[in-house]
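Engineer: Please find one structure pasted underneath; my questions will follow.
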Amino acid sequence: MPELPEVETIVRDLAPFLLNRRIVRVQVWDPLLVRYPGRQDFNRRLTGRIILGWGRRGKYIVGRLSGGLTLLIHLRMTGRLLLNLAPGEKYQRAALDLDDGARLWYCDLRRFGDMWAYWPGEEEHLGGFNALGPEPLSPDFNSRWLAQRLAGRKAPIKALLLDQSLVAGLGNIYVDEALFLAGIFPGRPGGSLGPRELDALAASVKEVLTRAIEGRGTTFRDYRRGLGTPGEFQHQLQVYGRSGQPCLRCGEMLARMRAGGRTTVYCPRCQQ
DNA sequence: CCGTAGACCTGTGTGC
DNA sequence: TGCACACAGGTCTACG
């Protein structure tokens, strides 16, 4: 579900309520949720810690806790992190009680989400977190980086942009939106893009993500902000979810294809 | 190393 | 109404 703008929004929403709070109780009901360490150790490690920092890296939520412990959370497709609970909220998988009486809930319909609680030296257990590429909104992500990493690649640019080691935080919505903005056909082999196209692509990724953060993320179905409200960027989407509808730029019927194993929407006229 | 299909899990929407 | 199938903001793994 959540891509970079959604995770960023959740982190920003929750930070004021979590910073400097002590975790007084940890409950995990879903045995699939905790990836490292075991569930018992996870509870023991977190209980009593103070939340000193609260941030994001790619689509991961990163909590810096007292004692040097890090709490890492990935929401995958349908995970939700909610402060206190909307009435009727289902799929409760875990809860953290804070010392001011608030409760941070983790809910997840499809149960793909993961959490880790690790100390320095235990990074080998973190999977893809170790291999993340640059943050798309940082200067490290630019057309030079793209040129270097895309050289010789035959896979569709759509698939390559979903690879979190190329750039951290893009998912199905914002890849389609960025490729539309850059005027690039999603099926183009990554290595075939020219310098001007790479410039446009890097700029488009930054622009789309910046605007989506301003719009507090895209709510299609599952995504909710930290206090339970939906985002607003769905009203500004140009292509995602709009196949069969007219292109907002040229009027042509938007088409749908499969790329990178994902449904991909594009404009056959604007994206050659 | 590269690229793609299938797996993980639980639900919703669609067509017959 | 029932049933089968496609599809869903993500990643891993296995295989050619």
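The chains in the structure tokens are called A, B, ... from first to last as shown; in each chain the residues are counted from 1, and the ligands are counted from 1 in the order shown.
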Please provide as an MDAnalysis selection string all residues within 12 Å of DC3 of chain C, with the sequence filter that same-chain residues fewer than 4 positions apart are discarded (counting only C-alpha atoms (C1' of nucleotides)).

Structural biologist: chainID B and resid 14:16

Engineer: For Leu71 of chain A, work out the shell of residues within 9 Å, counting only C-alpha atoms (C1' of nucleotides) and skipping chain neighbours fewer than 4 positions away, then give it as a list in words.

Structural biologist: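 Close residues of Leu71 of chain A: Leu46, Ile61, Val62, Gly63, Arg64, Leu65, Met115, Trp116, Ala117 and Tyr118 of chain A.
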
Engineer: Taking only C-alpha atoms (C1' of nucleotides) into account, which residues of chain B are within 7 Å of chain A, as a list in words?

Structural biologist: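 Result, ordered by chain then number: DG3, DC9 and DT10 of chain B.
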
Engineer: Enumerate as JSON, numbers by chain all residues of segment 28-122 of chain A assigned to strand (DSSP E or B) by DSSP on the backbone, naming them with the chain letters and numbers the document uses.

Structural biologist: {"A": [28, 34, 35, 36, 50, 51, 52, 53, 54, 55, 56, 57, 60, 61, 62, 63, 64, 65, 70, 71, 72, 73, 74, 79, 80, 81, 82, 83, 92, 93, 94, 95, 96, 97, 98, 103, 104, 105, 106, 107, 108, 114, 115, 116, 117, 118]}

Engineer: Determine, counting only C-alpha atoms (C1' of nucleotides), which protein, DNA and RNA residues have an atom within 8 Å of an atom of Pro2 of chain A; residues of the same chain fewer than 6 positions away are not included. Present the result as a list of chain:residue names.

Structural biologist: A:Lys59, A:Leu75, A:Arg76, A:Met77, A:Thr78, A:Tyr223, C:DG9

Engineer: Would you list which chain A residues are within 12 Å of chain C using only C-alpha atoms (C1' of nucleotides), as a PyMOL selection string?

Structural biologist: chain A and resi 1-7+59-60+74-80+109-114+127-129+162-165+169-176+217-224+231+234+240-241+261-263
